[in-house]
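A.B. asks: My file is final15.pdb. It has PDB, C-alpha atoms:
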ATOM      1  CA  MET A 143       0.000   0.000   0.000
ATOM      2  CA  ALA A 144       1.307   3.429  -0.928
ATOM      3  CA  VAL A 145       2.136   5.746   1.936
ATOM      4  CA  SER A 146       0.025   8.855   1.862
ATOM      5  CA  GLY A 147       1.718  12.221   2.138
ATOM      6  CA  PRO A 148       0.539  15.146   4.188
ATOM      7  CA  LEU A 149      -2.442  17.301   3.309
ATOM      8  CA  THR A 150      -0.865  20.113   1.278
ATOM      9  CA  VAL A 151      -2.020  23.669   0.688
ATOM     10  CA  GLU A 152      -2.908  22.646  -2.856
ATOM     11  CA  ASP A 153      -5.017  19.778  -1.519
ATOM     12  CA  ARG A 154      -6.876  22.218   0.720
ATOM     13  CA  LEU A 155      -7.579  24.554  -2.190
ATOM     14  CA  LEU A 156      -8.769  21.717  -4.409
ATOM     15  CA  ILE A 157     -11.033  20.369  -1.652
ATOM     16  CA  ARG A 158     -12.624  23.817  -1.409
ATOM     17  CA  GLU A 159     -13.127  23.695  -5.161
ATOM     18  CA  LEU A 160     -14.832  20.341  -4.803
ATOM     19  CA  TYR A 161     -17.418  22.048  -2.607
ATOM     20  CA  ALA A 162     -17.726  24.891  -5.115
ATOM     21  CA  ARG A 163     -18.335  22.481  -7.976
ATOM     22  CA  TYR A 164     -20.775  20.547  -5.814
ATOM     23  CA  VAL A 165     -23.007  23.488  -4.900
ATOM     24  CA  TRP A 166     -22.961  24.769  -8.473
ATOM     25  CA  ALA A 167     -24.126  21.369  -9.697
ATOM     26  CA  MET A 168     -26.814  21.206  -7.014
ATOM     27  CA  ASP A 169     -28.151  24.735  -7.443
ATOM     28  CA  SER A 170     -28.113  24.584 -11.239
ATOM     29  CA  GLY A 171     -29.681  21.133 -11.363
ATOM     30  CA  ASP A 172     -26.750  19.486 -13.144
ATOM     31  CA  LEU A 173     -27.337  15.844 -12.210
ATOM     32  CA  ASP A 174     -24.250  14.469 -13.969
ATOM     33  CA  ALA A 175     -21.870  16.953 -12.367
ATOM     34  CA  PHE A 176     -23.488  16.333  -8.986
ATOM     35  CA  VAL A 177     -22.995  12.581  -9.134
ATOM     36  CA  ASP A 178     -19.460  13.117 -10.443
ATOM     37  CA  CYS A 179     -18.512  14.809  -7.165
ATOM     38  CA  TYR A 180     -18.849  11.450  -5.364
ATOM     39  CA  ALA A 181     -16.199   8.763  -5.208
ATOM     40  CA  PRO A 182     -17.110   5.162  -6.024
ATOM     41  CA  GLY A 183     -18.939   3.889  -2.960
ATOM     42  CA  GLY A 184     -19.774   7.439  -1.936
ATOM     43  CA  ARG A 185     -22.618   8.069   0.491
ATOM     44  CA  LEU A 186     -24.909  11.078   0.693
ATOM     45  CA  ASP A 187     -26.627  11.376   4.044
ATOM     46  CA  VAL A 188     -28.735  14.504   3.892
ATOM     47  CA  GLY A 189     -32.288  13.952   4.995
ATOM     48  CA  ARG A 190     -32.288  10.491   3.510
ATOM     49  CA  ALA A 191     -29.370   8.292   2.573
ATOM     50  CA  ALA A 192     -28.209   7.644  -0.970
ATOM     51  CA  THR A 193     -25.464   5.090  -1.444
ATOM     52  CA  THR A 194     -25.196   4.458  -5.181
ATOM     53  CA  PRO A 195     -24.696   6.821  -8.140
ATOM     54  CA  GLU A 196     -28.283   6.183  -9.194
ATOM     55  CA  GLU A 197     -29.621   6.934  -5.720
ATOM     56  CA  ILE A 198     -27.489  10.086  -5.519
ATOM     57  CA  ARG A 199     -28.819  11.209  -8.899
ATOM     58  CA  ASN A 200     -32.381  10.549  -7.766
ATOM     59  CA  TRP A 201     -31.717  12.369  -4.511
ATOM     60  CA  LEU A 202     -30.924  15.576  -6.379
ATOM     61  CA  ALA A 203     -33.766  15.080  -8.840
ATOM     62  CA  GLU A 204     -36.149  14.921  -5.867
ATOM     63  CA  PHE A 205     -34.457  17.787  -4.045
ATOM     64  CA  LEU A 206     -34.933  20.027  -7.072
ATOM     65  CA  LYS A 207     -38.679  19.694  -6.495
ATOM     66  CA  ASP A 208     -38.199  21.478  -3.164
ATOM     67  CA  SER A 209     -40.220  24.680  -3.015
ATOM     68  CA  ALA A 210     -37.091  26.820  -2.596
ATOM     69  CA  PHE A 211     -35.926  25.885  -6.096
ATOM     70  CA  PRO A 212     -35.250  27.481  -8.479
ATOM     71  CA  GLY A 213     -33.142  30.453  -7.429
ATOM     72  CA  SER A 214     -31.784  28.843  -4.292
ATOM     73  CA  GLN A 215     -28.056  29.041  -3.629
ATOM     74  CA  HIS A 216     -26.102  27.136  -1.023
ATOM     75  CA  HIS A 217     -23.065  28.644   0.648
ATOM     76  CA  TYR A 218     -20.321  26.799   2.500
ATOM     77  CA  ASN A 219     -17.691  28.441   4.615
ATOM     78  CA  GLN A 220     -15.403  28.106   7.622
ATOM     79  CA  PHE A 221     -13.807  24.906   6.461
ATOM     80  CA  VAL A 222     -11.847  22.774   8.898
ATOM     81  CA  MET A 223      -9.834  19.952   7.320
ATOM     82  CA  ASP A 224      -8.067  17.139   9.074
ATOM     83  CA  GLY A 225      -6.408  14.377   7.124
ATOM     84  CA  ASN A 226      -3.636  13.514   4.740
ATOM     85  CA  GLY A 227      -2.955  13.539   1.016
ATOM     86  CA  SER A 228      -5.434  10.779   0.250
ATOM     87  CA  SER A 229      -8.278  11.115   2.774
ATOM     88  CA  CYS A 230      -9.590  14.019   4.779
ATOM     89  CA  GLN A 231     -12.356  14.844   7.235
ATOM     90  CA  VAL A 232     -14.000  18.169   6.475
ATOM     91  CA  ARG A 233     -16.300  20.252   8.590
ATOM     92  CA  ALA A 234     -18.006  23.339   7.208
ATOM     93  CA  TYR A 235     -20.912  25.631   7.890
ATOM     94  CA  TRP A 236     -23.623  25.819   5.273
ATOM     95  CA  ALA A 237     -26.422  28.274   4.663
ATOM     96  CA  ARG A 238     -29.132  28.262   2.056
ATOM     97  CA  LEU A 239     -30.413  31.382   0.350
ATOM     98  CA  TYR A 240     -33.870  31.554  -1.179
ATOM     99  CA  ARG A 241     -34.647  34.124  -3.822
ATOM    100  CA  LEU A 242     -37.964  35.778  -3.168
ATOM    101  CA  PRO A 243     -40.163  35.354  -6.249
ATOM    102  CA  GLY A 244     -40.574  38.466  -8.333
ATOM    103  CA  THR A 245     -37.584  40.201  -6.745
ATOM    104  CA  THR A 246     -33.807  40.050  -6.803
ATOM    105  CA  SER A 247     -33.659  39.766  -2.995
ATOM    106  CA  SER A 248     -32.938  36.593  -1.048
ATOM    107  CA  GLN A 249     -33.337  35.328   2.483
ATOM    108  CA  ILE A 250     -31.418  32.744   4.454
ATOM    109  CA  ILE A 251     -33.919  29.927   4.899
ATOM    110  CA  ALA A 252     -31.768  27.194   6.414
ATOM    111  CA  GLN A 253     -28.392  26.738   8.009
ATOM    112  CA  GLY A 254     -26.313  23.987   9.484
ATOM    113  CA  TYR A 255     -23.045  22.208   9.042
ATOM    114  CA  TYR A 256     -21.503  19.302   7.221
ATOM    115  CA  THR A 257     -19.220  16.569   8.492
ATOM    116  CA  ASP A 258     -17.804  14.972   5.385
ATOM    117  CA  THR A 259     -15.092  12.605   4.291
ATOM    118  CA  VAL A 260     -13.323  13.326   1.023
ATOM    119  CA  VAL A 261     -10.839  11.091  -0.730
ATOM    120  CA  LYS A 262      -8.335  11.649  -3.523
ATOM    121  CA  ILE A 263      -8.556   9.126  -6.319
ATOM    122  CA  ASP A 264      -6.369   9.491  -9.417
ATOM    123  CA  GLY A 265      -5.403  12.984  -8.316
ATOM    124  CA  ARG A 266      -8.954  14.149  -7.833
ATOM    125  CA  TRP A 267     -10.801  14.890  -4.584
ATOM    126  CA  ARG A 268     -14.333  13.594  -4.258
ATOM    127  CA  PHE A 269     -16.859  12.906  -1.519
ATOM    128  CA  LEU A 270     -16.840   9.545   0.176
ATOM    129  CA  VAL A 271     -19.337  10.591   2.847
ATOM    130  CA  LYS A 272     -21.421  13.756   2.932
ATOM    131  CA  ARG A 273     -23.480  14.238   6.040
ATOM    132  CA  SER A 274     -25.584  17.284   6.857
ATOM    133  CA  HIS A 275     -26.576  18.465  10.310
ATOM    134  CA  PRO A 276     -29.057  21.190  11.212
ATOM    135  CA  ALA A 277     -27.689  24.151  13.116
ATOM    136  CA  HIS A 278     -29.411  23.186  16.375
ATOM    137  CA  GLU A 279     -27.165  20.142  16.644
ATOM    138  CA  LEU A 280     -24.334  22.544  17.409
ATOM    139  CA  ARG A 281     -25.967  22.906  20.783
ATOM    140  CA  GLU A 282     -26.476  19.206  21.292
ATOM    141  CA  GLN A 283     -23.047  17.951  20.433
ATOM    142  CA  LYS A 284     -19.604  19.119  19.581
ATOM    143  CA  PHE A 285     -19.494  17.810  16.054
ATOM    144  CA  GLY A 286     -20.140  14.264  17.157
ATOM    145  CA  GLN A 287     -17.320  14.132  19.663
ATOM    146  CA  GLU A 288     -18.908  14.549  23.075
ATOM    147  CA  PRO A 289     -22.075  16.107  24.495
ATOM    148  CA  ALA A 290     -21.937  19.830  25.102
ATOM    149  CA  THR A 291     -22.795  21.133  28.542
ATOM    150  CA  SER A 292     -26.349  22.365  28.931
ATOM    151  CA  PRO A 293     -26.838  26.129  28.977
ATOM    152  CA  PRO A 294     -27.747  27.644  32.356
ATOM    153  CA  VAL A 295     -31.453  27.422  33.113
ATOM    154  CA  GLY A 296     -33.253  30.576  32.090
ATOM    155  CA  GLU A 297     -30.550  31.752  29.771
ATOM    156  CA  ASP A 298     -32.191  31.620  26.400
ATOM    157  CA  SER A 299     -29.254  32.818  24.389
ATOM    158  CA  LEU A 300     -25.540  32.194  24.560
ATOM    159  CA  TYR A 301     -25.025  34.848  21.915
ATOM    160  CA  ASP A 302     -23.487  38.094  23.022
ATOM    161  CA  VAL A 303     -26.220  40.569  22.182
ATOM    162  CA  GLY A 304     -23.911  43.391  23.213
ATOM    163  CA  THR A 305     -24.720  47.047  23.332
ATOM    164  CA  PRO A 306     -25.547  49.330  20.413
ATOM    165  CA  LEU A 307     -22.504  49.980  18.308
ATOM    166  CA  PHE A 308     -23.442  53.530  17.368
TER     167      PHE A 308
ATOM    168  CA  MET B 287     -16.928  16.110 -16.047
ATOM    169  CA  GLU B 288     -14.882  19.195 -15.400
ATOM    170  CA  SER B 289     -11.184  19.607 -16.003
ATOM    171  CA  GLU B 290      -8.589  19.416 -13.295
ATOM    172  CA  ASN B 291      -6.165  22.145 -12.337
ATOM    173  CA  VAL B 292      -2.697  21.049 -13.283
ATOM    174  CA  GLY B 293      -0.867  24.128 -14.560
ATOM    175  CA  LEU B 294      -1.566  26.668 -11.854
ATOM    176  CA  SER B 295       0.610  26.866  -8.789
ATOM    177  CA  VAL B 296      -0.752  27.390  -5.310
ATOM    178  CA  GLU B 297       0.693  30.920  -5.420
ATOM    179  CA  ASP B 298      -1.130  31.601  -8.693
ATOM    180  CA  ARG B 299      -4.384  30.395  -7.253
ATOM    181  CA  LEU B 300      -4.034  32.529  -4.134
ATOM    182  CA  GLU B 301      -3.154  35.577  -6.251
ATOM    183  CA  ILE B 302      -6.226  35.011  -8.425
ATOM    184  CA  MET B 303      -8.327  34.865  -5.253
ATOM    185  CA  GLU B 304      -6.765  38.174  -4.219
ATOM    186  CA  LEU B 305      -7.527  39.647  -7.631
ATOM    187  CA  TYR B 306     -11.199  39.044  -6.912
ATOM    188  CA  ALA B 307     -10.829  40.587  -3.485
ATOM    189  CA  ARG B 308      -9.160  43.701  -4.929
ATOM    190  CA  ASN B 309     -11.768  43.996  -7.669
ATOM    191  CA  THR B 310     -14.777  43.827  -5.372
ATOM    192  CA  TRP B 311     -13.145  46.058  -2.748
ATOM    193  CA  ALA B 312     -12.482  48.737  -5.359
ATOM    194  CA  LEU B 313     -16.053  48.467  -6.616
ATOM    195  CA  ASP B 314     -17.618  48.650  -3.164
ATOM    196  CA  VAL B 315     -15.498  51.581  -1.963
ATOM    197  CA  GLY B 316     -15.951  53.424  -5.235
ATOM    198  CA  ASP B 317     -12.293  53.479  -6.264
ATOM    199  CA  ALA B 318     -12.605  53.650 -10.039
ATOM    200  CA  ASP B 319      -8.860  53.677 -10.753
ATOM    201  CA  ARG B 320      -8.148  50.569  -8.676
ATOM    202  CA  PHE B 321     -11.189  48.839 -10.154
ATOM    203  CA  ILE B 322      -9.969  49.479 -13.689
ATOM    204  CA  ALA B 323      -6.443  48.395 -12.712
ATOM    205  CA  THR B 324      -7.706  44.857 -12.113
ATOM    206  CA  PHE B 325      -8.416  44.504 -15.859
ATOM    207  CA  THR B 326      -6.107  44.194 -18.857
ATOM    208  CA  PRO B 327      -6.216  47.199 -21.222
ATOM    209  CA  ASP B 328      -8.225  45.187 -23.752
ATOM    210  CA  ALA B 329     -10.515  43.518 -21.215
ATOM    211  CA  THR B 330     -14.266  43.179 -21.497
ATOM    212  CA  LEU B 331     -16.791  43.575 -18.702
ATOM    213  CA  GLN B 332     -20.249  42.133 -19.227
ATOM    214  CA  MET B 333     -22.914  43.385 -16.874
ATOM    215  CA  LYS B 334     -26.353  44.254 -18.234
ATOM    216  CA  HIS B 335     -24.350  45.766 -21.111
ATOM    217  CA  ARG B 336     -20.862  45.030 -22.407
ATOM    218  CA  TYR B 337     -17.955  47.382 -21.803
ATOM    219  CA  VAL B 338     -14.670  47.129 -23.688
ATOM    220  CA  GLY B 339     -11.211  48.255 -22.624
ATOM    221  CA  HIS B 340     -10.198  50.524 -19.788
ATOM    222  CA  GLU B 341     -12.139  53.399 -21.311
ATOM    223  CA  GLY B 342     -15.339  51.404 -21.504
ATOM    224  CA  ILE B 343     -14.893  49.981 -18.003
ATOM    225  CA  ARG B 344     -14.292  53.485 -16.630
ATOM    226  CA  TRP B 345     -17.508  54.605 -18.284
ATOM    227  CA  PHE B 346     -19.324  51.747 -16.501
ATOM    228  CA  ILE B 347     -17.946  52.285 -13.026
ATOM    229  CA  GLU B 348     -18.378  56.037 -13.030
ATOM    230  CA  LEU B 349     -21.993  55.610 -14.057
ATOM    231  CA  PHE B 350     -22.420  52.811 -11.511
ATOM    232  CA  LEU B 351     -21.090  54.948  -8.676
ATOM    233  CA  GLN B 352     -23.390  57.800  -9.646
ATOM    234  CA  GLN B 353     -26.584  55.904 -10.300
ATOM    235  CA  ASP B 354     -26.713  52.491  -8.655
ATOM    236  CA  PHE B 355     -29.129  52.477  -5.725
ATOM    237  CA  GLY B 356     -27.055  50.026  -3.706
ATOM    238  CA  PHE B 357     -23.914  52.115  -3.634
ATOM    239  CA  PRO B 358     -22.305  53.035  -1.211
ATOM    240  CA  ARG B 359     -23.957  50.705   1.291
ATOM    241  CA  ALA B 360     -23.410  47.417  -0.506
ATOM    242  CA  GLN B 361     -20.783  44.704  -0.467
ATOM    243  CA  HIS B 362     -20.235  42.084  -3.121
ATOM    244  CA  LEU B 363     -19.392  38.701  -1.601
ATOM    245  CA  LEU B 364     -17.544  36.154  -3.723
ATOM    246  CA  SER B 365     -17.709  32.503  -2.837
ATOM    247  CA  HIS B 366     -17.261  29.055  -4.324
ATOM    248  CA  LEU B 367     -14.499  30.101  -6.659
ATOM    249  CA  VAL B 368     -13.499  27.458  -9.212
ATOM    250  CA  ILE B 369     -10.312  28.092 -11.178
ATOM    251  CA  ASP B 370      -9.437  26.024 -14.237
ATOM    252  CA  ASP B 371      -6.078  26.325 -15.912
ATOM    253  CA  ALA B 372      -6.304  27.540 -19.489
ATOM    254  CA  GLY B 373      -2.792  28.103 -20.703
ATOM    255  CA  GLY B 374       0.035  26.404 -18.886
ATOM    256  CA  GLY B 375      -0.249  28.525 -15.783
ATOM    257  CA  LYS B 376      -0.508  31.803 -17.715
ATOM    258  CA  GLY B 377      -4.267  31.983 -17.960
ATOM    259  CA  CYS B 378      -7.358  30.596 -16.356
ATOM    260  CA  ARG B 379     -11.093  30.376 -16.588
ATOM    261  CA  SER B 380     -12.857  30.985 -13.318
ATOM    262  CA  ARG B 381     -16.322  31.219 -11.931
ATOM    263  CA  ALA B 382     -17.868  31.988  -8.575
ATOM    264  CA  TYR B 383     -21.074  32.775  -6.786
ATOM    265  CA  VAL B 384     -21.696  36.484  -6.227
ATOM    266  CA  THR B 385     -23.921  37.754  -3.440
ATOM    267  CA  ARG B 386     -24.685  41.429  -3.014
ATOM    268  CA  VAL B 387     -25.599  42.556   0.475
ATOM    269  CA  HIS B 388     -27.075  46.010   1.018
ATOM    270  CA  ARG B 389     -27.184  47.915   4.262
ATOM    271  CA  LEU B 390     -30.421  49.809   4.673
ATOM    272  CA  PRO B 391     -30.012  53.456   5.567
ATOM    273  CA  GLY B 392     -31.076  54.767   8.950
ATOM    274  CA  GLN B 393     -30.954  51.528  10.917
ATOM    275  CA  HIS B 394     -28.346  50.252  13.307
ATOM    276  CA  ARG B 395     -29.217  46.570  13.449
ATOM    277  CA  GLY B 396     -31.206  44.095  11.450
ATOM    278  CA  ASN B 397     -30.387  46.299   8.551
ATOM    279  CA  CYS B 398     -28.717  44.171   5.904
ATOM    280  CA  GLN B 399     -30.435  42.397   3.053
ATOM    281  CA  VAL B 400     -29.288  40.162   0.257
ATOM    282  CA  ILE B 401     -30.439  42.150  -2.758
ATOM    283  CA  TRP B 402     -28.904  40.097  -5.547
ATOM    284  CA  THR B 403     -27.597  36.597  -6.084
ATOM    285  CA  GLY B 404     -25.710  35.630  -9.174
ATOM    286  CA  TYR B 405     -22.499  34.314 -10.567
ATOM    287  CA  CYS B 406     -19.499  35.419 -12.536
ATOM    288  CA  VAL B 407     -17.695  33.684 -15.377
ATOM    289  CA  ASP B 408     -14.292  35.184 -16.034
ATOM    290  CA  THR B 409     -10.933  34.738 -17.690
ATOM    291  CA  CYS B 410      -7.732  35.861 -16.040
ATOM    292  CA  VAL B 411      -4.251  36.220 -17.492
ATOM    293  CA  LYS B 412      -0.838  36.708 -15.956
ATOM    294  CA  ARG B 413       0.841  39.855 -17.301
ATOM    295  CA  GLU B 414       4.239  40.861 -15.960
ATOM    296  CA  ASP B 415       3.757  38.613 -12.933
ATOM    297  CA  ARG B 416       0.356  40.089 -12.121
ATOM    298  CA  TRP B 417      -2.961  38.375 -12.550
ATOM    299  CA  LEU B 418      -5.616  40.522 -14.265
ATOM    300  CA  PHE B 419      -9.096  40.026 -15.622
ATOM    301  CA  GLN B 420      -9.202  39.682 -19.382
ATOM    302  CA  SER B 421     -12.930  39.189 -19.350
ATOM    303  CA  ARG B 422     -15.458  39.374 -16.564
ATOM    304  CA  ALA B 423     -19.171  38.694 -16.778
ATOM    305  CA  LEU B 424     -21.743  38.858 -14.005
ATOM    306  CA  HIS B 425     -25.131  37.225 -14.422
ATOM    307  CA  ALA B 426     -28.164  36.807 -12.192
ATOM    308  CA  TRP B 427     -28.778  33.297 -10.869
ATOM    309  CA  GLU B 428     -31.425  32.580 -13.469
ATOM    310  CA  GLY B 429     -31.687  31.884 -17.164
ATOM    311  CA  ASP B 430     -29.155  29.589 -18.811
ATOM    312  CA  VAL B 431     -27.505  28.466 -15.573
ATOM    313  CA  MET B 432     -30.779  26.891 -14.500
ATOM    314  CA  ALA B 433     -31.790  25.451 -17.840
ATOM    315  CA  ALA B 434     -31.791  21.988 -16.241
ATOM    316  CA  ILE B 435     -34.522  22.984 -13.791
ATOM    317  CA  ASN B 436     -37.908  22.816 -15.434
ATOM    318  CA  GLY B 437     -39.874  26.046 -15.465
ATOM    319  CA  ALA B 438     -37.238  27.918 -13.500
ATOM    320  CA  ASP B 439     -37.624  31.383 -14.977
ATOM    321  CA  GLU B 440     -41.416  31.334 -14.804
ATOM    322  CA  MET B 441     -41.300  30.323 -11.143
ATOM    323  CA  LEU B 442     -38.845  33.098 -10.265
ATOM    324  CA  ARG B 443     -41.093  35.718 -11.747
ATOM    325  CA  SER B 444     -44.415  34.478 -10.390
TER     326      SER B 444
END
Just give me the structure of the file as structure tokens.

C.D. replies:
Amino acid sequence: MAVSGPLTVEDRLLIRELYARYVWAMDSGDLDAFVDCYAPGGRLDVGRAATTPEEIRNWLAEFLKDSAFPGSQHHYNQFVMDGNGSSCQVRAYWARLYRLPGTTSSQIIAQGYYTDTVVKIDGRWRFLVKRSHPAHELREQKFGQEPATSPPVGEDSLYDVGTPLF
Amino acid sequence: MESENVGLSVEDRLEIMELYARNTWALDVGDADRFIATFTPDATLQMKHRYVGHEGIRWFIELFLQQDFGFPRAQHLLSHLVIDDAGGGKGCRSRAYVTRVHRLPGQHRGNCQVIWTGYCVDTCVKREDRWLFQSRALHAWEGDVMAAINGADEMLRS
């Protein structure tokens, strides 16, 4: 078995591009490009599981019937990558924008995070596992590692609401 | 299936990302000279209309700064940049999502709205060790890009 090298800066950039290609395929309804983002044996676990190229294709075909399409755009950011030159765990925030019909304005209608596994096959990064989590899970667990402590009773927000800036 | 990036170095890719950052910064702060300086002298800029060369691009940005309702309270956010080599490390095709956020006047909080979502499709070239836009086109997230989604344009307008 070949020894895998470290995760390089170039790997990190290309993994980000994998996400960029993925959301473009999803938001534009490009079924072929969407399926092509998955490695052989890849698993999509977003709402319902899809474990074959055909199931992944059907997953998107069904998702495109969602009422927020067309005009919806997904955004990923704040990537954290941990792995080597052949396999990597990726965590990222996601948010979904919905374009209000008849306008050019959009609203954020959903948010959460991904915990994915990407692998490099023949020089190309692809998804082996893509798993979505709603934002409220941030409060229930620390990205699947251990339970987070409960917030103090009566404190309904851990967000610093601060004082007026101006 | 899309092409892989084999000719561009990591440094090139980071500099192209910075080119986008400089371009949008100049646009959002209203710095016409720095905006124009991100393009080659023979570049084209496709917005609603097409502008050619530095003179044409200057005509666009000066009109934009005078007339666009979003300026000066808007920021253009670039994300999901994909860069494909198109010339042995000397040129590239690139695309990205573009989100325009506008700050409403007279409010301190809860005052920002996404007023436009779209994408850009560009070509960049390396001239004298600097990456510049040779062509830049911004389009709304509708029309051809969603041709695979049945009835997309009608639904957006209903």

A.B. asks: When the cut-off is 6 Å and we count only C-alpha atoms, which residues of chain A are near chain B, given as JSON, numbers by chain?

C.D. replies: {"A": [152, 159, 162, 170, 171, 212, 243, 244, 246, 247, 248]}

A.B. asks: For CA of Asp371 (chain B) and CA of Cys410 (chain B), determine how far apart the two atoms are, in Å to one decimal place.

C.D. replies: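 Computing it gives 9.7 Å between the two atoms.
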
A.B. asks: Using the chain letters and numbers from the file, give me the residues hit by the PyMOL selection byres ((chain A and resi 238) around 7), as a PDB file with C-alpha atoms, in the frame of the given file.

C.D. replies:
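The file below, result21.pdb, is the result:
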ATOM      1  CA  SER A 214     -31.784  28.843  -4.292  1.00  0.00           C
ATOM      2  CA  GLN A 215     -28.056  29.041  -3.629  1.00  0.00           C
ATOM      3  CA  HIS A 216     -26.102  27.136  -1.023  1.00  0.00           C
ATOM      4  CA  HIS A 217     -23.065  28.644   0.648  1.00  0.00           C
ATOM      5  CA  TRP A 236     -23.623  25.819   5.273  1.00  0.00           C
ATOM      6  CA  ALA A 237     -26.422  28.274   4.663  1.00  0.00           C
ATOM      7  CA  LEU A 239     -30.413  31.382   0.350  1.00  0.00           C
ATOM      8  CA  TYR A 240     -33.870  31.554  -1.179  1.00  0.00           C
ATOM      9  CA  ILE A 250     -31.418  32.744   4.454  1.00  0.00           C
ATOM     10  CA  ILE A 251     -33.919  29.927   4.899  1.00  0.00           C
ATOM     11  CA  ALA A 252     -31.768  27.194   6.414  1.00  0.00           C
ATOM     12  CA  GLN A 253     -28.392  26.738   8.009  1.00  0.00           C
TER      13      GLN A 253
END

A.B. asks: Around the point (-11.4, 14.1, -0.4), in the coordinates given by the file, pick out the residues reaching within 7 Å, counting all atoms listed in the file, and return them as a VMD selection string.

C.D. replies: chain A and resid 157 228 to 230 259 to 262 267 to 269

A.B. asks: Name the residues that the PyMOL selection byres ((chain A and resi 186-191) around 12) pulls out of this structure, and write them as a PyMOL selection string.

C.D. replies: chain A and resi 176-177+179-185+192-202+204-205+254-260+268-276

A.B. asks: Near Arg308 (chain B), counting only C-alpha atoms, which residues have an atom at most 10 Å away, once you skip same-chain residues fewer than 4 positions from it, shown as a list of chain:residue names?

C.D. replies: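 Residues near the query, excluding close chain neighbours: B:Ile302, B:Met303, B:Glu304, B:Ala312, B:Leu313, B:Asp314, B:Arg320, B:Phe321, B:Ala323, B:Thr324.
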
A.B. asks: Padding 8 Å on every side, please: axis-aligned box over the listed atoms of region 164-174 of chain A, centre and edge lengths to one decimal in Å, as lines of an AutoDock Vina configuration file.

C.D. replies:
center_x = -25.2
center_y = 19.6
center_z = -9.4
size_x = 24.9
size_y = 26.3
size_z = 25.1

A.B. asks: Separation of CA of Ile347 (chain B) and CA of Arg389 (chain B), in Å?

C.D. replies: 20.1 Å

A.B. asks: Between CA of Ala329 (chain B) and CA of Tyr164 (chain A), what is the distance, to one decimal in Å?

C.D. replies: 29.5 Å

A.B. asks: Spell out the residues picked by the PyMOL selection byres ((chain B and resi 412) around 12) here, as a PyMOL selection string.

C.D. replies: chain B and resi 294+298-299+301-302+305+324-326+371-378+409-411+413-420
